[in-house]
file entry.txt (compact mmCIF, C-alpha atoms)
# COMPACT_ATOMS: atom_id res chain seq x y z
CA MET A 21 8.25 -21.80 -12.10
CA GLN A 22 5.07 -23.26 -10.68
CA ALA A 23 5.76 -25.58 -7.76
CA ALA A 24 3.20 -28.15 -8.81
CA GLU A 25 0.19 -29.02 -10.99
CA TYR A 26 -3.00 -30.31 -9.46
CA GLU A 27 -5.64 -32.60 -10.92
CA VAL A 28 -8.58 -34.37 -9.35
CA LYS A 29 -9.13 -37.86 -10.75
CA GLY A 30 -12.16 -39.51 -9.20
CA ASN A 31 -11.60 -39.30 -5.48
CA VAL A 32 -7.86 -38.75 -5.78
CA LEU A 33 -6.07 -35.41 -5.81
CA VAL A 34 -2.97 -35.86 -7.93
CA ILE A 35 -0.21 -33.37 -7.11
CA ARG A 36 2.47 -33.33 -9.79
CA LEU A 37 5.48 -31.63 -8.27
CA LYS A 38 7.51 -29.52 -10.66
CA ALA A 39 10.25 -28.18 -8.41
CA ASP A 40 12.44 -29.09 -5.43
CA LEU A 41 10.18 -29.66 -2.43
CA ASP A 42 11.74 -27.34 0.15
CA HIS A 43 10.32 -24.81 2.60
CA HIS A 44 9.78 -22.29 -0.20
CA THR A 45 7.65 -24.57 -2.38
CA ALA A 46 6.12 -26.40 0.61
CA VAL A 47 4.13 -23.31 1.58
CA THR A 48 2.48 -22.94 -1.83
CA VAL A 49 1.88 -26.67 -2.29
CA ARG A 50 0.23 -26.91 1.12
CA GLU A 51 -2.14 -24.03 0.43
CA ALA A 52 -3.07 -25.19 -3.07
CA ALA A 53 -3.56 -28.80 -1.97
CA ASP A 54 -5.85 -27.85 0.91
CA THR A 55 -7.93 -25.60 -1.34
CA MET A 56 -8.31 -28.43 -3.85
CA LEU A 57 -9.27 -30.86 -1.09
CA MET A 58 -11.95 -28.50 0.15
CA ARG A 59 -13.40 -27.74 -3.26
CA SER A 60 -13.41 -31.25 -4.67
CA ARG A 61 -14.63 -34.65 -3.59
CA ALA A 62 -11.09 -36.00 -3.45
CA LYS A 63 -10.29 -37.82 -0.24
CA ASN A 64 -6.98 -39.37 -1.24
CA ILE A 65 -3.77 -37.72 -2.36
CA LEU A 66 -1.12 -38.93 -4.78
CA PHE A 67 2.15 -36.99 -4.93
CA ASP A 68 3.97 -37.42 -8.24
CA PHE A 69 7.70 -36.71 -7.77
CA THR A 70 8.69 -37.45 -11.37
CA GLY A 71 11.58 -35.17 -12.29
CA VAL A 72 12.02 -33.86 -8.74
CA ASP A 73 15.44 -34.67 -7.33
CA PHE A 74 15.41 -32.77 -4.07
CA MET A 75 13.29 -32.80 -0.94
CA ASP A 76 14.20 -31.85 2.61
CA SER A 77 12.40 -31.99 5.97
CA SER A 78 10.00 -29.27 4.80
CA GLY A 79 8.67 -31.78 2.28
CA ILE A 80 8.14 -34.29 5.05
CA GLY A 81 6.04 -31.67 6.83
CA VAL A 82 3.87 -31.18 3.75
CA ILE A 83 3.26 -34.89 3.27
CA MET A 84 2.60 -35.57 6.96
CA GLY A 85 0.31 -32.56 7.08
CA ARG A 86 -1.72 -33.79 4.10
CA TYR A 87 -1.81 -37.27 5.63
CA ARG A 88 -3.36 -35.77 8.77
CA GLN A 89 -5.89 -33.92 6.61
CA VAL A 90 -7.19 -37.03 4.85
CA ILE A 91 -6.74 -39.83 7.37
CA PHE A 92 -9.77 -38.89 9.48
CA GLU A 93 -12.04 -39.21 6.45
CA GLY A 94 -10.52 -42.60 5.71
CA GLY A 95 -8.29 -41.22 2.97
CA ARG A 96 -4.76 -42.25 2.08
CA VAL A 97 -1.60 -40.64 0.76
CA GLY A 98 0.50 -42.22 -1.96
CA VAL A 99 3.67 -41.25 -3.81
CA THR A 100 4.97 -42.08 -7.25
CA GLY A 101 7.89 -41.21 -9.50
CA VAL A 102 10.19 -41.14 -6.47
CA GLY A 103 13.84 -40.80 -7.50
CA LYS A 104 16.90 -41.84 -5.53
CA ASN A 105 17.40 -38.66 -3.52
CA VAL A 106 13.79 -38.26 -2.51
CA ASP A 107 13.55 -42.00 -1.76
CA ARG A 108 16.43 -41.64 0.70
CA ILE A 109 14.63 -38.85 2.56
CA PHE A 110 11.48 -40.97 2.71
CA LYS A 111 13.45 -43.90 4.11
CA VAL A 112 15.43 -41.89 6.67
CA SER A 113 12.29 -40.17 7.93
CA GLY A 114 10.21 -43.35 8.09
CA LEU A 115 7.56 -41.76 5.87
CA TYR A 116 6.92 -45.03 4.01
CA LYS A 117 5.21 -46.28 7.16
CA ILE A 118 2.26 -44.01 6.43
CA VAL A 119 2.61 -43.46 2.70
CA GLU A 120 2.23 -46.06 -0.03
CA GLN A 121 4.74 -45.98 -2.89
CA TYR A 122 3.74 -46.73 -6.49
CA LYS A 123 5.99 -47.14 -9.52
CA THR A 124 3.64 -45.16 -11.74
CA GLU A 125 0.50 -43.08 -11.46
CA GLU A 126 -1.41 -45.80 -13.33
CA GLU A 127 -0.31 -48.37 -10.77
CA ALA A 128 -1.63 -46.18 -7.97
CA PHE A 129 -5.07 -46.41 -9.48
CA LEU A 130 -4.81 -50.10 -10.40
CA ARG A 131 -3.40 -51.24 -7.09
CA PRO A 132 -5.21 -49.21 -4.46
CA ALA A 133 -3.73 -49.08 -0.99
CA LYS A 134 -6.31 -50.83 1.15
CA GLU A 135 -8.95 -49.95 -1.48
CA ALA A 136 -8.42 -46.23 -0.98
CA PHE A 137 -7.26 -45.23 -4.46
CA GLY A 138 -9.86 -45.50 -7.18
CA GLY A 139 -12.67 -45.53 -4.65
CA ALA A 140 -15.41 -48.13 -4.73
CA ASN A 141 -14.47 -49.78 -8.05
CA MET B 18 43.24 -17.76 5.47
CA ASP B 19 45.72 -19.88 3.55
CA LYS B 20 44.91 -23.08 5.38
CA PHE B 21 42.00 -23.66 3.00
CA GLU B 22 42.42 -24.58 -0.64
CA ASN B 23 39.25 -22.75 -1.46
CA GLU B 24 36.80 -20.64 0.45
CA MET B 25 33.65 -18.72 -0.33
CA CYS B 26 30.96 -16.73 1.38
CA LEU B 27 27.44 -15.99 0.23
CA THR B 28 25.16 -13.56 2.02
CA PHE B 29 21.51 -13.25 1.18
CA GLN B 30 18.23 -11.98 2.57
CA ALA B 31 16.31 -14.37 4.82
CA LYS B 32 13.75 -15.23 2.14
CA SER B 33 12.63 -18.74 1.30
CA CYS B 34 13.37 -18.30 -2.41
CA ASN B 35 17.07 -18.16 -1.46
CA GLU B 36 17.05 -21.72 -0.08
CA ALA B 37 17.47 -23.05 -3.61
CA LEU B 38 20.25 -20.52 -4.22
CA ALA B 39 22.14 -21.80 -1.16
CA ARG B 40 21.80 -25.42 -2.34
CA MET B 41 22.97 -24.65 -5.86
CA THR B 42 25.92 -22.71 -4.46
CA VAL B 43 27.17 -25.57 -2.25
CA ALA B 44 26.67 -28.02 -5.10
CA ALA B 45 28.82 -25.84 -7.35
CA PHE B 46 31.43 -25.41 -4.62
CA LEU B 47 31.69 -29.22 -4.25
CA THR B 48 31.99 -29.96 -7.96
CA PRO B 49 35.83 -29.82 -8.18
CA LEU B 50 35.96 -32.63 -5.59
CA ASN B 51 33.95 -34.96 -7.84
CA PRO B 52 31.44 -35.88 -5.16
CA THR B 53 29.15 -38.87 -5.65
CA LEU B 54 25.49 -38.09 -6.30
CA GLU B 55 24.76 -39.24 -2.78
CA GLU B 56 27.40 -36.95 -1.23
CA LEU B 57 26.02 -34.09 -3.25
CA ALA B 58 22.44 -34.80 -2.17
CA ASP B 59 23.49 -35.18 1.48
CA THR B 60 25.29 -31.86 1.50
CA LYS B 61 22.47 -30.04 -0.26
CA THR B 62 19.97 -31.43 2.23
CA ALA B 63 22.06 -30.50 5.28
CA VAL B 64 22.67 -26.95 4.02
CA SER B 65 19.02 -26.56 3.01
CA GLU B 66 17.96 -27.53 6.55
CA ALA B 67 20.34 -25.05 8.17
CA VAL B 68 19.35 -22.20 5.86
CA THR B 69 15.64 -22.96 6.32
CA ASN B 70 16.11 -22.90 10.10
CA ALA B 71 17.88 -19.55 9.87
CA ILE B 72 15.00 -18.10 7.84
CA ILE B 73 12.09 -19.61 9.80
CA HIS B 74 13.45 -19.73 13.34
CA GLY B 75 16.35 -17.29 13.24
CA TYR B 76 14.35 -14.41 11.81
CA GLY B 77 10.72 -15.54 11.58
CA GLU B 78 8.74 -12.55 10.38
CA LYS B 79 11.74 -10.25 10.74
CA GLU B 80 14.02 -9.28 7.90
CA GLY B 81 17.61 -10.37 8.14
CA ILE B 82 20.70 -11.63 6.44
CA VAL B 83 21.84 -15.25 6.28
CA GLU B 84 25.48 -16.03 5.70
CA LEU B 85 26.67 -19.24 4.09
CA TRP B 86 30.39 -19.86 4.30
CA CYS B 87 32.07 -22.84 2.62
CA ALA B 88 35.69 -23.89 2.74
CA ARG B 89 37.67 -26.84 1.54
CA LYS B 90 40.77 -28.52 2.88
CA GLY B 91 41.72 -31.71 1.09
CA ARG B 92 38.67 -33.96 1.17
CA GLU B 93 37.12 -32.07 4.07
CA VAL B 94 34.49 -29.49 3.29
CA PHE B 95 33.19 -27.08 5.92
CA PHE B 96 29.84 -25.35 5.77
CA HIS B 97 28.77 -22.64 8.17
CA VAL B 98 25.31 -21.10 8.20
CA LYS B 99 24.94 -17.99 10.31
CA ASP B 100 22.11 -15.70 11.25
CA THR B 101 21.93 -12.79 13.67
CA GLY B 102 18.33 -13.44 14.64
CA TYR B 103 16.51 -14.65 17.74
CA GLY B 104 18.94 -17.37 18.79
CA ILE B 105 18.13 -20.69 20.46
CA ALA B 106 17.56 -20.80 24.22
CA ASP B 107 17.90 -24.57 24.60
CA ILE B 108 20.05 -26.10 21.85
CA LYS B 109 19.81 -29.64 23.21
CA THR B 110 16.01 -29.67 23.08
CA ALA B 111 15.96 -27.92 19.71
CA MET B 112 18.10 -30.71 18.29
CA GLU B 113 15.85 -33.54 19.49
CA PRO B 114 14.24 -35.44 16.62
CA MET B 115 10.64 -34.40 15.93
CA TYR B 116 10.91 -31.39 18.26
CA THR B 117 9.60 -28.19 16.72
CA THR B 118 8.44 -24.84 18.02
CA LYS B 119 6.39 -24.26 14.87
CA PRO B 120 4.01 -27.22 14.42
CA GLU B 121 1.38 -24.84 12.99
CA MET B 122 3.75 -24.29 10.06
CA GLU B 123 3.94 -28.07 9.60
CA ARG B 124 7.59 -28.14 10.51
CA SER B 125 8.54 -31.78 10.95
CA GLY B 126 11.22 -31.23 13.59
CA MET B 127 13.69 -33.22 11.50
CA GLY B 128 16.01 -30.39 10.49
CA PHE B 129 18.85 -30.96 12.93
CA SER B 130 18.44 -34.76 12.63
CA PHE B 131 19.02 -34.47 8.89
CA MET B 132 22.02 -32.19 9.36
CA GLU B 133 23.42 -34.75 11.77
CA ALA B 134 22.63 -37.73 9.53
CA PHE B 135 23.92 -36.22 6.30
CA THR B 136 27.19 -34.66 7.48
CA ASP B 137 30.20 -35.96 9.41
CA GLU B 138 30.28 -33.28 12.08
CA LEU B 139 27.71 -30.83 13.37
CA THR B 140 28.06 -28.16 16.04
CA VAL B 141 25.59 -25.45 16.93
CA GLU B 142 26.46 -22.21 18.69
CA SER B 143 23.70 -19.86 19.68
CA ALA B 144 22.87 -17.02 22.01
CA VAL B 145 19.41 -15.60 22.58
CA GLY B 146 19.11 -12.21 20.91
CA GLU B 147 22.38 -12.64 19.05
CA GLY B 148 21.79 -15.40 16.56
CA THR B 149 22.88 -18.88 15.62
CA LEU B 150 25.90 -20.39 13.91
CA VAL B 151 25.61 -23.93 12.54
CA LYS B 152 28.91 -25.57 11.64
CA MET B 153 28.99 -28.70 9.51
CA LYS B 154 31.80 -30.76 8.11
CA LYS B 155 31.55 -33.31 5.34
CA VAL B 156 34.30 -35.59 4.08
CA ILE B 157 34.04 -36.18 0.35
CA GLY B 158 35.38 -39.36 -1.22

call {"tool": "encode", "arguments": {"input": "entry.txt", "output": "structure tokens"}}
result
Amino acid sequence: MQAAEYEVKGNVLVIRLKADLDHHTAVTVREAADTMLMRSRAKNILFDFTGVDFMDSSGIGVIMGRYRQVIFEGGRVGVTGVGKNVDRIFKVSGLYKIVEQYKTEEEAFLRPAKEAFGGAN
Amino acid sequence: MDKFENEMCLTFQAKSCNEALARMTVAAFLTPLNPTLEELADTKTAVSEAVTNAIIHGYGEKEGIVELWCARKGREVFFHVKDTGYGIADIKTAMEPMYTTKPEMERSGMGFSFMEAFTDELTVESAVGEGTLVKMKKVIG
């Protein structure tokens, strides 16, 4: 099973996770995300956790790592489709302090975090 | 041996694809106790952290075997994760939140913190050159 699907929408790289985000999948997601960031004009990242019900500290590493990648260019990281288990990990780790949560992918584009998502519209 | 109502042991190669196997195994082992979804998630997370540590830090680039032992006594469930890899020189420092020896691998340093937060008891035994044994206990219900 593929760990995730990637799509660039405007200046946002949308990463739709398809499997538990653990150390095993973290490695492939990190590599694919960084390649996409390099090759596209995306400066923001939206992680879609819809259907994913497990994440551990390896997932935190991936998200913090991507945050560090985009923050210097003024980019932001958002998450959507976060279920109960993943939400708990986000809360315990304090990740919501640096990552904006959206109820849906559409909302992420309609309600940009500090004007990051959706660019200059 | 008869002090436990049930007991199991799973040994597998130190490969990241087996992290999911370890989680599914503990989840299945817990099922007869009718754990809540939260208890199930907590246990899976704690075991996933310990197994990941064994693979990344215990063996690193080396090949090796990770052992996951689970036992049940009433509402108490015990999980042990063992490797015979490098071992930890300074357990206290290794367990500090956000501490990691592998920042280049984007390790968050939260592994032991999660094991501590999501179980009821955590002890770590380790000797350099011999390996590490992580013992966790979780009370279900």

call {"tool": "closest_residue", "arguments": {"input": "entry.txt", "among": "B:Thr28, B:Ser143, B:Asn70, B:Thr149", "to": "Leu85 (chain B)", "atoms": "all atoms listed in the file"}}
result
B:Thr28

call {"tool": "closest_atom_pairs", "arguments": {"input": "entry.txt", "of": "chain A", "to": "chain B", "cutoff": "12 Å", "atoms": "all atoms listed in the file", "output": "CSV"}}
result
residue,atom,partner,partner_atom,distance
A:Met21,CA,B:Cys34,CA,11.5
A:Ala23,CA,B:Cys34,CA,11.8
A:Ala39,CA,B:Ala37,CA,10.1
A:Asp40,CA,B:Ala37,CA,8.1
A:Leu41,CA,B:Ala37,CA,9.9
A:Asp42,CA,B:Glu36,CA,7.7
A:His43,CA,B:Ser33,CA,6.6
A:His44,CA,B:Ser33,CA,4.8
A:Thr45,CA,B:Cys34,CA,8.5
A:Ala46,CA,B:Glu123,CA,9.4
A:Val47,CA,B:Met122,CA,8.5
A:Thr48,CA,B:Ser33,CA,11.4
A:Arg50,CA,B:Glu123,CA,9.3
A:Glu51,CA,B:Met122,CA,11.3
A:Asp73,CA,B:Ala58,CA,8.7
A:Phe74,CA,B:Ala58,CA,7.6
A:Met75,CA,B:Thr62,CA,7.5
A:Asp76,CA,B:Thr62,CA,5.8
A:Ser77,CA,B:Met127,CA,5.8
A:Ser78,CA,B:Arg124,CA,6.3
A:Gly79,CA,B:Ser125,CA,8.7
A:Ile80,CA,B:Ser125,CA,6.4
A:Gly81,CA,B:Ser125,CA,4.8
A:Val82,CA,B:Glu123,CA,6.6
A:Ile83,CA,B:Glu123,CA,9.3
A:Met84,CA,B:Glu123,CA,8.1
A:Gly85,CA,B:Glu123,CA,6.3
A:Arg86,CA,B:Glu123,CA,9.7
A:Tyr87,CA,B:Glu123,CA,11.6
A:Arg88,CA,B:Glu123,CA,10.6
A:Gln89,CA,B:Glu123,CA,11.8
A:Gly103,CA,B:Ala58,CA,11.8
A:Lys104,CA,B:Glu55,CA,8.7
A:Asn105,CA,B:Ala58,CA,6.5
A:Val106,CA,B:Ala58,CA,9.3
A:Asp107,CA,B:Ala58,CA,11.4
A:Arg108,CA,B:Glu55,CA,9.3
A:Ile109,CA,B:Phe131,CA,8.9
A:Phe110,CA,B:Phe131,CA,11.7
A:Lys111,CA,B:Phe131,CA,11.9
A:Val112,CA,B:Phe131,CA,8.5
A:Ser113,CA,B:Met127,CA,7.9
A:Gly114,CA,B:Met127,CA,11.2
A:Leu115,CA,B:Ser125,CA,11.2

call {"tool": "atom_distance", "arguments": {"input": "entry.txt", "atom1": "CA of Thr124 (chain A)", "atom2": "CA of Arg36 (chain A)"}}
result
12.0 Å

call {"tool": "atom_distance", "arguments": {"input": "entry.txt", "atom1": "CA of Asn31 (chain A)", "atom2": "CA of Ile118 (chain A)"}}
result
18.9 Å

call {"tool": "closest_residue", "arguments": {"input": "entry.txt", "among": "A:Ala128, A:Ile91, A:Val102, A:Val49", "to": "Val32 (chain A)", "atoms": "all atoms listed in the file"}}
result
A:Ala128

call {"tool": "residues_around", "arguments": {"input": "entry.txt", "residues": "Val90 (chain A)", "least_positions_apart": "5", "cutoff": "7 Å", "atoms": "all atoms listed in the file", "output": "list in words"}}
result
Lys63, Asn64, Gly95 and Arg96 of chain A

call {"tool": "residues_around", "arguments": {"input": "entry.txt", "residues": "Gly81 (chain B)", "least_positions_apart": "2", "cutoff": "7 Å", "atoms": "only C-alpha atoms", "output": "JSON, numbers by chain"}}
result
{"B": [30, 31, 76, 79, 83]}

call {"tool": "atom_distance", "arguments": {"input": "entry.txt", "atom1": "CA of Gly104 (chain B)", "atom2": "CA of Gly75 (chain B)"}}
result
6.1 Å

call {"tool": "residues_around", "arguments": {"input": "entry.txt", "residues": "Met112 (chain B)", "least_positions_apart": "3", "cutoff": "12 Å", "atoms": "all atoms listed in the file", "output": "PyMOL selection string"}}
result
chain B and resi 67+70+105-109+115-118+126-133+139-142+151

call {"tool": "axis_aligned_box", "arguments": {"input": "entry.txt", "around": "region 141-144 of chain B", "padding_each_side": "3 Å", "output": "AutoDock Vina command-line options"}}
result
--center_x 24.7 --center_y -21.2 --center_z 19.5 --size_x 9.6 --size_y 14.4 --size_z 11.1

call {"tool": "residues_around", "arguments": {"input": "entry.txt", "residues": "Pro49 (chain B)", "least_positions_apart": "2", "cutoff": "12 Å", "atoms": "all atoms listed in the file", "output": "list in words"}}
result
Glu22, Asn23, Val43, Ala44, Ala45, Phe46, Leu47, Asn51, Pro52, Thr53, Leu57, Arg89, Gly91, Arg92, Val94, Ile157 and Gly158 of chain B

call {"tool": "residues_around", "arguments": {"input": "entry.txt", "residues": "Trp86 (chain B)", "least_positions_apart": "2", "cutoff": "6 Å", "atoms": "all atoms listed in the file", "output": "list in words"}}
result
Met25, Cys26, Phe96 and His97 of chain B
